[in-house]
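> So I've got this file, query26.txt, and it contains compact mmCIF, C-alpha atoms and all ligand atoms:
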```
# COMPACT_ATOMS: atom_id res chain seq x y z
CA MET A 12 176.23 -34.90 94.90
CA ARG A 13 175.49 -37.00 97.94
CA GLU A 14 175.40 -40.77 98.10
CA GLY A 15 171.80 -41.87 97.71
CA SER A 16 169.99 -45.15 97.56
CA ALA A 17 170.58 -48.19 95.38
CA GLY A 18 174.16 -47.03 94.95
CA PHE A 19 173.24 -43.89 93.00
CA ASP A 20 173.98 -40.29 93.82
CA VAL A 21 171.10 -37.97 94.62
CA PRO A 22 171.41 -35.34 91.89
CA ASP A 23 171.98 -31.73 92.91
CA ARG A 24 170.48 -28.85 90.92
CA ASP A 25 173.29 -28.80 88.34
CA ALA A 26 172.92 -32.53 87.74
CA VAL A 27 169.12 -32.18 87.50
CA LEU A 28 169.48 -29.44 84.91
CA ALA A 29 172.03 -31.48 82.97
CA TRP A 30 169.70 -34.52 82.88
CA LEU A 31 166.78 -32.37 81.75
CA ARG A 32 168.79 -31.14 78.79
CA VAL A 33 169.96 -34.58 77.64
CA GLU A 34 168.51 -35.61 74.28
CA ASP A 35 170.58 -38.67 73.35
CA PRO A 36 168.37 -41.74 74.02
CA GLU A 37 171.39 -43.85 74.95
CA VAL A 38 172.48 -41.38 77.61
CA LEU A 39 168.90 -41.06 78.85
CA GLU A 40 168.81 -44.81 79.34
CA GLY A 41 171.13 -44.19 82.30
CA LEU A 42 168.48 -41.97 83.91
CA TRP A 43 165.69 -44.50 83.36
CA VAL A 44 167.81 -47.34 84.83
CA ARG A 45 168.67 -45.28 87.92
CA ALA A 46 165.10 -44.19 88.54
CA ASP A 47 163.83 -47.75 88.15
CA ALA A 48 166.45 -49.13 90.55
CA VAL A 49 165.73 -46.46 93.18
CA ARG A 50 161.99 -47.08 92.79
CA ARG A 51 162.46 -50.82 93.35
CA ALA A 52 164.80 -50.33 96.33
CA HIS A 53 162.49 -47.87 98.10
CA VAL A 54 158.88 -48.65 97.23
CA GLY A 55 159.21 -52.11 95.68
CA ASP A 56 157.55 -53.55 92.61
CA ALA A 57 153.93 -53.19 93.72
CA VAL A 58 151.80 -50.74 91.79
CA HIS A 59 149.12 -49.18 93.97
CA LEU A 60 145.80 -48.36 92.37
CA ARG A 61 143.86 -45.24 93.29
CA GLY A 62 140.28 -44.96 92.13
CA LEU A 63 139.78 -41.43 90.80
CA VAL A 64 136.30 -39.94 91.14
CA GLU A 65 135.72 -36.53 89.59
CA VAL A 66 133.05 -35.22 91.92
CA SER A 67 132.26 -31.85 90.30
CA ASN A 68 133.44 -29.91 87.27
CA HIS A 69 132.22 -26.57 88.58
CA CYS A 70 135.14 -24.22 89.12
CA LEU A 71 135.35 -20.58 90.08
CA ARG A 72 138.96 -20.18 88.91
CA GLN A 73 140.16 -18.92 85.54
CA CYS A 74 143.32 -21.00 85.07
CA THR A 75 144.28 -20.26 81.49
CA TYR A 76 145.30 -23.85 80.71
CA CYS A 77 142.36 -25.75 82.14
CA GLY A 78 139.25 -26.82 80.24
CA ILE A 79 136.95 -26.63 83.30
CA ARG A 80 137.88 -22.99 84.04
CA ALA A 81 134.91 -20.79 84.95
CA GLY A 82 135.15 -18.89 81.67
CA ASN A 83 134.52 -21.98 79.55
CA HIS A 84 130.79 -21.78 78.86
CA GLY A 85 130.73 -24.60 76.34
CA LEU A 86 130.78 -27.23 79.04
CA THR A 87 127.89 -29.05 80.75
CA ARG A 88 128.48 -28.63 84.47
CA TYR A 89 127.68 -31.35 87.01
CA ARG A 90 128.03 -31.98 90.71
CA MET A 91 127.62 -35.52 92.04
CA SER A 92 125.34 -36.21 94.99
CA ALA A 93 126.78 -37.54 98.25
CA ASP A 94 125.04 -40.87 97.65
CA GLU A 95 126.62 -41.14 94.19
CA VAL A 96 130.09 -40.48 95.60
CA VAL A 97 129.65 -43.04 98.36
CA ALA A 98 128.39 -45.58 95.80
CA CYS A 99 131.57 -44.95 93.75
CA ALA A 100 133.65 -45.54 96.87
CA ARG A 101 131.99 -48.92 97.38
CA ARG A 102 132.84 -49.80 93.80
CA VAL A 103 136.48 -48.74 94.31
CA ALA A 104 136.64 -50.94 97.42
CA ASP A 105 134.95 -53.85 95.60
CA LEU A 106 137.60 -53.63 92.88
CA GLY A 107 140.20 -54.18 95.60
CA TYR A 108 141.79 -50.75 95.36
CA GLY A 109 143.16 -49.21 98.56
CA THR A 110 142.45 -45.53 97.96
CA ILE A 111 139.77 -43.26 96.57
CA VAL A 112 140.77 -39.86 95.21
CA LEU A 113 137.99 -37.26 95.22
CA GLN A 114 138.86 -34.55 92.72
CA ALA A 115 136.91 -31.48 91.60
CA GLY A 116 137.28 -27.96 90.34
CA GLU A 117 137.46 -25.29 93.00
CA ASP A 118 133.76 -25.55 93.76
CA PHE A 119 132.41 -23.98 96.92
CA GLY A 120 129.09 -25.65 96.04
CA LEU A 121 130.89 -28.61 97.60
CA THR A 122 130.55 -27.04 101.03
CA GLY A 123 132.90 -27.78 103.90
CA PRO A 124 130.30 -29.79 105.85
CA TRP A 125 129.18 -31.67 102.72
CA VAL A 126 132.73 -32.86 102.00
CA ALA A 127 133.32 -33.75 105.67
CA ASP A 128 130.14 -35.84 105.66
CA VAL A 129 131.11 -37.67 102.45
CA VAL A 130 134.60 -38.40 103.81
CA ALA A 131 133.16 -39.72 107.08
CA ARG A 132 130.65 -41.92 105.25
CA ILE A 133 133.37 -43.40 103.03
CA ARG A 134 135.62 -44.08 106.01
CA ALA A 135 132.74 -45.68 107.92
CA SER A 136 131.60 -47.94 105.11
CA THR A 137 134.85 -48.94 103.35
CA PRO A 138 138.49 -49.70 104.24
CA LEU A 139 139.66 -47.06 101.77
CA ALA A 140 142.18 -44.31 102.38
CA VAL A 141 140.69 -41.00 101.23
CA THR A 142 142.65 -38.51 99.15
CA LEU A 143 141.17 -35.09 98.44
CA SER A 144 142.06 -32.87 95.48
CA LEU A 145 139.64 -29.95 95.72
CA GLY A 146 141.87 -26.94 95.12
CA GLU A 147 142.73 -23.99 97.36
CA ARG A 148 140.20 -24.28 100.16
CA LEU A 149 140.02 -22.54 103.54
CA PRO A 150 142.25 -23.77 106.38
CA GLU A 151 139.23 -24.47 108.58
CA GLU A 152 137.69 -26.63 105.85
CA LEU A 153 140.93 -28.55 105.31
CA ARG A 154 141.16 -29.11 109.06
CA ALA A 155 137.56 -30.34 109.31
CA TRP A 156 138.09 -32.77 106.42
CA ARG A 157 141.19 -34.15 108.07
CA GLU A 158 139.22 -34.61 111.29
CA ALA A 159 136.48 -36.36 109.30
CA GLY A 160 139.07 -38.92 108.19
CA ALA A 161 140.72 -37.64 105.00
CA ASP A 162 144.27 -39.00 104.78
CA ARG A 163 145.89 -37.17 101.89
CA TYR A 164 145.60 -33.96 99.88
CA LEU A 165 146.78 -33.25 96.35
CA LEU A 166 147.52 -29.71 95.20
CA ARG A 167 149.99 -29.25 92.39
CA PHE A 168 152.10 -26.10 92.44
CA GLU A 169 152.16 -26.39 88.60
CA THR A 170 155.41 -24.38 88.24
CA SER A 171 157.86 -22.83 90.69
CA ASP A 172 158.26 -19.80 88.39
CA ALA A 173 156.15 -17.27 90.32
CA ALA A 174 155.56 -14.96 87.34
CA LEU A 175 154.52 -17.85 85.10
CA PHE A 176 152.25 -19.24 87.82
CA ASP A 177 150.48 -15.90 88.21
CA ARG A 178 150.00 -15.69 84.44
CA ILE A 179 148.37 -19.12 84.12
CA HIS A 180 146.56 -19.07 87.46
CA PRO A 181 144.94 -15.67 87.98
CA PRO A 182 144.41 -14.96 91.67
CA ARG A 183 140.90 -15.02 93.10
CA HIS A 184 139.60 -11.58 94.20
CA GLY A 185 143.06 -10.28 93.24
CA GLN A 186 144.47 -12.16 96.21
CA SER A 187 146.91 -14.95 95.57
CA VAL A 188 147.17 -17.80 98.02
CA ALA A 189 150.77 -18.92 98.34
CA ARG A 190 150.52 -22.58 97.42
CA TRP A 191 153.74 -23.26 99.31
CA ASP A 192 152.10 -22.04 102.52
CA LEU A 193 149.03 -24.14 101.88
CA LEU A 194 151.14 -27.25 101.27
CA GLY A 195 152.97 -26.63 104.56
CA LEU A 196 149.68 -26.16 106.36
CA LEU A 197 148.33 -29.45 104.97
CA HIS A 198 151.49 -31.19 106.15
CA ASP A 199 151.13 -29.69 109.66
CA MET A 200 147.50 -30.85 109.79
CA GLY A 201 148.74 -34.41 109.37
CA TYR A 202 147.83 -34.98 105.74
CA GLU A 203 150.13 -36.86 103.42
CA VAL A 204 150.76 -34.15 100.89
CA GLY A 205 151.00 -34.44 97.13
CA SER A 206 152.00 -31.80 94.63
CA GLY A 207 153.56 -31.60 91.22
CA VAL A 208 153.82 -29.76 87.95
CA MET A 209 152.85 -29.65 84.32
CA VAL A 210 155.70 -30.07 81.86
CA GLY A 211 155.88 -27.90 78.77
CA ILE A 212 153.73 -24.93 79.82
CA PRO A 213 154.30 -22.14 77.26
CA GLY A 214 156.97 -19.95 78.85
CA GLN A 215 158.41 -22.72 81.06
CA THR A 216 162.20 -22.92 80.84
CA TRP A 217 164.68 -25.71 81.66
CA ASP A 218 165.95 -23.64 84.55
CA SER A 219 162.54 -23.26 86.13
CA LEU A 220 161.86 -26.97 85.61
CA ALA A 221 165.11 -27.77 87.47
CA ASP A 222 163.83 -25.53 90.29
CA ASP A 223 160.56 -27.51 90.28
CA VAL A 224 162.44 -30.78 90.80
CA MET A 225 164.47 -29.27 93.64
CA ARG A 226 161.19 -28.12 95.24
CA PHE A 227 159.96 -31.72 95.31
CA ALA A 228 162.77 -32.49 97.72
CA GLY A 229 162.55 -29.23 99.66
CA LEU A 230 158.82 -29.65 100.28
CA ASP A 231 159.25 -33.18 101.62
CA LEU A 232 156.39 -34.34 99.39
CA ASP A 233 154.70 -37.69 99.95
CA MET A 234 153.23 -37.79 96.44
CA ILE A 235 154.44 -36.20 93.21
CA GLY A 236 152.24 -35.94 90.12
CA VAL A 237 153.80 -34.89 86.83
CA GLY A 238 152.23 -34.75 83.40
CA PRO A 239 152.73 -32.97 80.09
CA TYR A 240 150.73 -29.81 79.44
CA ILE A 241 148.04 -30.58 76.85
CA PRO A 242 146.40 -27.56 75.17
CA HIS A 243 142.61 -27.34 75.44
CA PRO A 244 141.20 -25.43 72.43
CA ASP A 245 138.63 -23.55 74.55
CA THR A 246 141.24 -21.97 76.82
CA PRO A 247 143.30 -18.78 76.43
CA LEU A 248 146.61 -20.63 76.78
CA ALA A 249 145.90 -22.73 73.68
CA ALA A 250 146.61 -19.64 71.57
CA VAL A 251 150.00 -19.12 73.20
CA VAL A 252 152.96 -20.77 71.51
CA GLY A 253 155.98 -21.39 73.69
CA ASP A 254 158.77 -20.70 71.24
CA GLY A 255 161.48 -19.15 73.41
CA PRO A 256 164.98 -20.61 73.01
CA ASP A 257 164.75 -22.31 76.40
CA GLN A 258 161.15 -23.54 76.06
CA VAL A 259 160.51 -26.95 77.61
CA PRO A 260 158.67 -29.28 75.18
CA ALA A 261 155.36 -30.79 76.30
CA ASP A 262 156.24 -34.33 75.29
CA ALA A 263 156.28 -37.75 76.92
CA THR A 264 160.07 -38.01 77.15
CA THR A 265 160.42 -34.69 78.97
CA ALA A 266 157.59 -35.61 81.35
CA CYS A 267 159.35 -38.94 82.00
CA LYS A 268 162.60 -37.12 82.77
CA VAL A 269 160.77 -35.20 85.49
CA VAL A 270 159.16 -38.40 86.82
CA ALA A 271 162.58 -40.09 86.95
CA LEU A 272 164.26 -37.10 88.63
CA ALA A 273 161.37 -36.87 91.12
CA ARG A 274 162.14 -40.48 92.08
CA LEU A 275 165.86 -39.73 92.50
CA VAL A 276 165.29 -36.70 94.76
CA ARG A 277 162.34 -38.26 96.68
CA PRO A 278 163.07 -42.01 96.74
CA ASP A 279 160.11 -42.92 99.02
CA ALA A 280 157.43 -40.83 97.35
CA ASN A 281 154.36 -42.22 95.67
CA ILE A 282 154.56 -41.18 92.04
CA PRO A 283 151.78 -41.89 89.52
CA ALA A 284 152.08 -42.60 85.83
CA THR A 285 149.54 -39.88 85.11
CA THR A 286 146.55 -39.74 82.80
CA ALA A 287 148.15 -36.84 80.92
CA LEU A 288 151.20 -39.02 80.19
CA GLY A 289 148.85 -41.79 79.03
CA THR A 290 147.02 -39.28 76.85
CA ILE A 291 150.00 -37.76 75.07
CA ASP A 292 151.35 -41.24 74.29
CA ARG A 293 148.32 -43.51 74.34
CA ALA A 294 150.19 -46.69 73.45
CA HIS A 295 153.09 -46.42 75.88
CA GLY A 296 152.76 -43.39 78.18
CA ARG A 297 151.74 -45.09 81.39
CA GLU A 298 154.06 -48.03 80.83
CA LEU A 299 156.99 -45.68 80.29
CA GLY A 300 156.07 -43.82 83.49
CA LEU A 301 156.02 -47.06 85.49
CA ARG A 302 159.37 -48.10 84.01
CA ARG A 303 160.96 -44.74 84.74
CA GLY A 304 160.19 -44.18 88.40
CA ALA A 305 156.42 -44.30 88.89
CA ASN A 306 154.64 -46.75 91.23
CA ILE A 307 151.01 -45.63 91.14
CA LEU A 308 148.12 -45.78 88.65
CA MET A 309 144.90 -43.83 89.01
CA PRO A 310 142.13 -45.52 87.01
CA ASN A 311 139.22 -43.17 86.44
CA LEU A 312 136.08 -44.50 88.14
CA THR A 313 133.92 -41.44 87.62
CA PRO A 314 130.45 -42.57 86.46
CA ASP A 315 130.34 -42.64 82.65
CA ARG A 316 127.59 -40.03 82.46
CA TYR A 317 129.91 -37.45 84.04
CA LYS A 318 133.32 -38.55 82.78
CA ALA A 319 133.24 -36.73 79.43
CA CYS A 320 132.34 -33.44 81.14
CA TYR A 321 135.49 -33.42 83.27
CA GLU A 322 137.51 -32.22 80.33
CA ILE A 323 140.54 -30.45 81.80
CA TYR A 324 142.21 -31.26 78.46
CA PRO A 325 140.82 -33.03 75.39
CA ASP A 326 140.61 -36.78 74.85
CA LYS A 327 141.75 -37.84 78.30
CA ALA A 328 142.93 -41.44 78.07
CA ALA A 329 140.56 -43.70 79.98
CA LEU A 330 142.19 -46.43 82.01
CA GLY A 331 139.94 -49.29 82.89
CA ASP A 332 137.08 -51.14 81.34
CA PRO A 333 133.85 -50.82 83.29
CA GLY A 334 132.45 -53.99 84.78
CA GLU A 335 135.65 -55.99 85.20
CA ASP A 336 137.06 -57.01 88.55
CA LEU A 337 140.34 -55.36 87.89
CA PRO A 338 139.98 -53.12 84.89
CA GLY A 339 141.38 -55.04 81.93
CA THR A 340 143.83 -52.47 80.69
CA VAL A 341 145.40 -52.17 84.14
CA ARG A 342 145.72 -55.92 84.55
CA GLU A 343 147.22 -56.32 81.10
CA LEU A 344 149.70 -53.50 81.64
CA LEU A 345 150.90 -54.84 85.00
CA ARG A 346 151.24 -58.36 83.63
CA ARG A 347 153.43 -57.07 80.84
CA LEU A 348 155.61 -55.25 83.35
CA GLY A 349 155.73 -58.18 85.79
CA ARG A 350 154.58 -55.88 88.59
CA PRO A 351 151.98 -56.95 91.20
CA VAL A 352 149.01 -54.86 92.31
CA GLY A 353 149.75 -53.24 95.67
CA ALA A 354 147.69 -54.39 98.65
CA GLY A 355 146.19 -52.01 101.21
CA PRO A 356 146.04 -48.25 101.14
CA GLY A 357 149.64 -47.76 100.00
CA GLY A 358 150.52 -44.66 101.98
CA ARG A 359 154.02 -43.30 102.08
CA GLY A 360 156.35 -45.55 104.00
CA ASN A 361 155.03 -48.98 104.88
CA GLY A 362 151.78 -49.08 103.00
CA SER A 363 149.65 -48.01 105.95
CA VAL A 364 147.14 -45.17 106.08
CA ALA A 365 148.43 -41.88 107.33
CA SER A 366 145.93 -41.48 110.14
N1 LIG B 401 147.10 -30.17 80.43
C1 LIG B 401 147.71 -30.96 81.34
N2 LIG B 401 147.39 -31.00 82.63
C2 LIG B 401 146.40 -30.20 83.04
N3 LIG B 401 145.88 -30.00 84.25
C3 LIG B 401 144.89 -29.09 84.15
N4 LIG B 401 144.77 -28.68 82.88
C4 LIG B 401 145.71 -29.36 82.16
C5 LIG B 401 146.09 -29.36 80.80
N5 LIG B 401 145.49 -28.57 79.90
C6 LIG B 401 146.41 -30.64 85.46
C7 LIG B 401 146.91 -29.59 86.45
C8 LIG B 401 146.01 -29.81 87.65
C9 LIG B 401 145.63 -31.25 87.50
C10 LIG B 401 144.40 -31.65 88.24
O1 LIG B 401 145.44 -31.39 86.11
O2 LIG B 401 148.26 -29.85 86.79
O3 LIG B 401 146.66 -29.57 88.89
```
Reformat the file's structure so that it appears as structure tokens.

Amino acid sequence: MREGSAGFDVPDRDAVLAWLRVEDPEVLEGLWVRADAVRRAHVGDAVHLRGLVEVSNHCLRQCTYCGIRAGNHGLTRYRMSADEVVACARRVADLGYGTIVLQAGEDFGLTGPWVADVVARIRASTPLAVTLSLGERLPEELRAWREAGADRYLLRFETSDAALFDRIHPPRHGQSVARWDLLGLLHDMGYEVGSGVMVGIPGQTWDSLADDVMRFAGLDLDMIGVGPYIPHPDTPLAAVVGDGPDQVPADATTACKVVALARLVRPDANIPATTALGTIDRAHGRELGLRRGANILMPNLTPDRYKACYEIYPDKAALGDPGEDLPGTVRELLRRLGRPVGAGPGGRGNGSVAS
């Protein structure tokens, strides 16, 4: 162990594994308290809001866990127009949020120049930081988007177990892109880089989850997104039961353990209380995330007519009531926690934009 922040040790791999295996709620309280103290010492009490806009649900990948996979034909597909996306960005800015997150399936119908143009228009017409989450795209596209003004890129590595990753994420044209290399490339291009994992994937073991947490530190991530795996009935993985002796459960407590450990190994990172956590425990999920290391919320500001079609898993928990200044559920949650809304773009470090 080495001496970390707020008087707590930064856990090494053995300590991470030991925390992951703890079941006693009283012992776990020690993890929650540590993560909360390190969060407060490093990123403060402010909760930054990111407006999430799901730009397209077209996807050419066949990820076996994901409801918008190409093989799911029971889904109405949509792709927003550039004007619609820019209008959403204005709304995000009007709500006082500092960042817009543009997320989509891996959709080459969103061409490189189209995305660059949308990013440039948002940067020219709003004070927002722009985060992209558009999958494994070509280096020249990623570079052009950065030059157009994109600040951050999110690409989860999902699991550090290479065999499990290949099973749930079949390579395109039989050619796998090493996500580690892509994350390094994004970093070198000057993006703030976010990644993360799903917790409780069938076949995921405690050991591999400990490796995941150690990767968060090794990759020097700026943002870490963690949520429980939620089966989607129209996907192949839904039929797979993870019943090995070392199977990680896909529950809120285990996801919170990973959030808390992410905070301990990356004290300065921006860590959201994710929608998946809010979905698996609708009453308390996001609150628990914010109490156990998280400092970010991502209210979904996708236009209502598209929202239901972006079904990566069923019954995604909506956060935010349309038409209010600050969506009511967010305001209520933060009041209960005594945490203020973060001002400005809320990048890693001092709250400034990366560029
Ligand atoms: N359950 C939980 N999370 C999922 N994601 C995709 N499908 C699911 C699912 N069934 C997550 C992946 C992806 C992110 C955008 O959503 O981690 O990277």
> Distance cut-off 9 Å, centre (147.5, -42.0, 88.9) in file coordinates, counting only C-alpha atoms: which residues qualify? Return them as a PyMOL selection string.
chain A and resi 59-63+236+282-286+306-311
> Please extract the residues at most 10 Å from ligand LIG 401 (chain B), counting all atoms listed in the file, and provide them as a PDB file with C-alpha atoms, in the coordinates of the input, using the chain letters and residue numbers of this document.

```pdb
ATOM      1  CA  CYS A  74     143.320 -21.000  85.070  1.00  0.00           C
ATOM      2  CA  THR A  75     144.280 -20.260  81.490  1.00  0.00           C
ATOM      3  CA  TYR A  76     145.300 -23.850  80.710  1.00  0.00           C
ATOM      4  CA  CYS A  77     142.360 -25.750  82.140  1.00  0.00           C
ATOM      5  CA  GLY A  78     139.250 -26.820  80.240  1.00  0.00           C
ATOM      6  CA  ILE A  79     136.950 -26.630  83.300  1.00  0.00           C
ATOM      7  CA  ARG A  80     137.880 -22.990  84.040  1.00  0.00           C
ATOM      8  CA  GLN A 114     138.860 -34.550  92.720  1.00  0.00           C
ATOM      9  CA  ALA A 115     136.910 -31.480  91.600  1.00  0.00           C
ATOM     10  CA  GLY A 116     137.280 -27.960  90.340  1.00  0.00           C
ATOM     11  CA  SER A 144     142.060 -32.870  95.480  1.00  0.00           C
ATOM     12  CA  LEU A 145     139.640 -29.950  95.720  1.00  0.00           C
ATOM     13  CA  GLY A 146     141.870 -26.940  95.120  1.00  0.00           C
ATOM     14  CA  LEU A 165     146.780 -33.250  96.350  1.00  0.00           C
ATOM     15  CA  LEU A 166     147.520 -29.710  95.200  1.00  0.00           C
ATOM     16  CA  ARG A 167     149.990 -29.250  92.390  1.00  0.00           C
ATOM     17  CA  PHE A 168     152.100 -26.100  92.440  1.00  0.00           C
ATOM     18  CA  GLU A 169     152.160 -26.390  88.600  1.00  0.00           C
ATOM     19  CA  THR A 170     155.410 -24.380  88.240  1.00  0.00           C
ATOM     20  CA  SER A 206     152.000 -31.800  94.630  1.00  0.00           C
ATOM     21  CA  GLY A 207     153.560 -31.600  91.220  1.00  0.00           C
ATOM     22  CA  VAL A 208     153.820 -29.760  87.950  1.00  0.00           C
ATOM     23  CA  MET A 209     152.850 -29.650  84.320  1.00  0.00           C
ATOM     24  CA  VAL A 210     155.700 -30.070  81.860  1.00  0.00           C
ATOM     25  CA  GLY A 211     155.880 -27.900  78.770  1.00  0.00           C
ATOM     26  CA  ILE A 212     153.730 -24.930  79.820  1.00  0.00           C
ATOM     27  CA  GLY A 236     152.240 -35.940  90.120  1.00  0.00           C
ATOM     28  CA  VAL A 237     153.800 -34.890  86.830  1.00  0.00           C
ATOM     29  CA  GLY A 238     152.230 -34.750  83.400  1.00  0.00           C
ATOM     30  CA  PRO A 239     152.730 -32.970  80.090  1.00  0.00           C
ATOM     31  CA  TYR A 240     150.730 -29.810  79.440  1.00  0.00           C
ATOM     32  CA  ILE A 241     148.040 -30.580  76.850  1.00  0.00           C
ATOM     33  CA  PRO A 242     146.400 -27.560  75.170  1.00  0.00           C
ATOM     34  CA  HIS A 243     142.610 -27.340  75.440  1.00  0.00           C
ATOM     35  CA  PRO A 244     141.200 -25.430  72.430  1.00  0.00           C
ATOM     36  CA  THR A 246     141.240 -21.970  76.820  1.00  0.00           C
ATOM     37  CA  LEU A 248     146.610 -20.630  76.780  1.00  0.00           C
ATOM     38  CA  ALA A 249     145.900 -22.730  73.680  1.00  0.00           C
ATOM     39  CA  ALA A 261     155.360 -30.790  76.300  1.00  0.00           C
ATOM     40  CA  THR A 285     149.540 -39.880  85.110  1.00  0.00           C
ATOM     41  CA  THR A 286     146.550 -39.740  82.800  1.00  0.00           C
ATOM     42  CA  ALA A 287     148.150 -36.840  80.920  1.00  0.00           C
ATOM     43  CA  LEU A 288     151.200 -39.020  80.190  1.00  0.00           C
ATOM     44  CA  THR A 290     147.020 -39.280  76.850  1.00  0.00           C
ATOM     45  CA  ILE A 291     150.000 -37.760  75.070  1.00  0.00           C
ATOM     46  CA  GLU A 322     137.510 -32.220  80.330  1.00  0.00           C
ATOM     47  CA  ILE A 323     140.540 -30.450  81.800  1.00  0.00           C
ATOM     48  CA  TYR A 324     142.210 -31.260  78.460  1.00  0.00           C
ATOM     49  CA  PRO A 325     140.820 -33.030  75.390  1.00  0.00           C
ATOM     50  CA  LYS A 327     141.750 -37.840  78.300  1.00  0.00           C
TER      51      LYS A 327
END
```
> Name the residues in contact with A:Leu197 at a cut-off of 9 Å, using all atoms listed in the file, excluding same-chain residues fewer than 5 positions from it; report them as a ChimeraX atom specification.
/A:150,153-154,163-164,192,202-204
> At a cut-off of 6 Å, using all atoms listed in the file, what residues contact stretch 214-230 of chain A? Leave out same-chain residues fewer than 2 positions from it and give the result as a count of residues only.
12
> I'd like the contact shell of A:Thr142 - 7 Å cut-off, all atoms listed in the file, skipping same-chain residues fewer than 3 positions apart - returned as a PyMOL selection string.
chain A and resi 111-113+161-164
> Measuring between only C-alpha atoms, which one of A:Pro351, A:Gly55, A:Pro213, A:Gly107 shows the shortest distance to A:Asn281?
A:Gly55
> Between atom CA of A:Pro278 and atom CA of A:Ile235, measure the distance and give it in Å to one decimal.
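About the pair atom CA of A:Pro278 and atom CA of A:Ile235: they are 11.0 Å apart.
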> To one decimal place in Å, what is the distance between atom CA of A:Glu298 and atom CA of A:Val252?
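Calculated distance between atom CA of A:Glu298 and atom CA of A:Val252 is 28.8 Å.
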> Considering all atoms listed in the file, return as a ChimeraX atom specification whatever protein or nucleic-acid residues lie within 8 Å of A:Ala46, sequence-local ones (same chain, fewer than 3 positions apart) excluded.
/A:42-43,49-50,271-272,274-275,303-304
> Provide the atom CA of A:Gly160 to atom CA of A:Val352 distance in Å, to one decimal place.
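Atom-to-atom, atom CA of A:Gly160 and atom CA of A:Val352 are spaced 24.6 Å apart.
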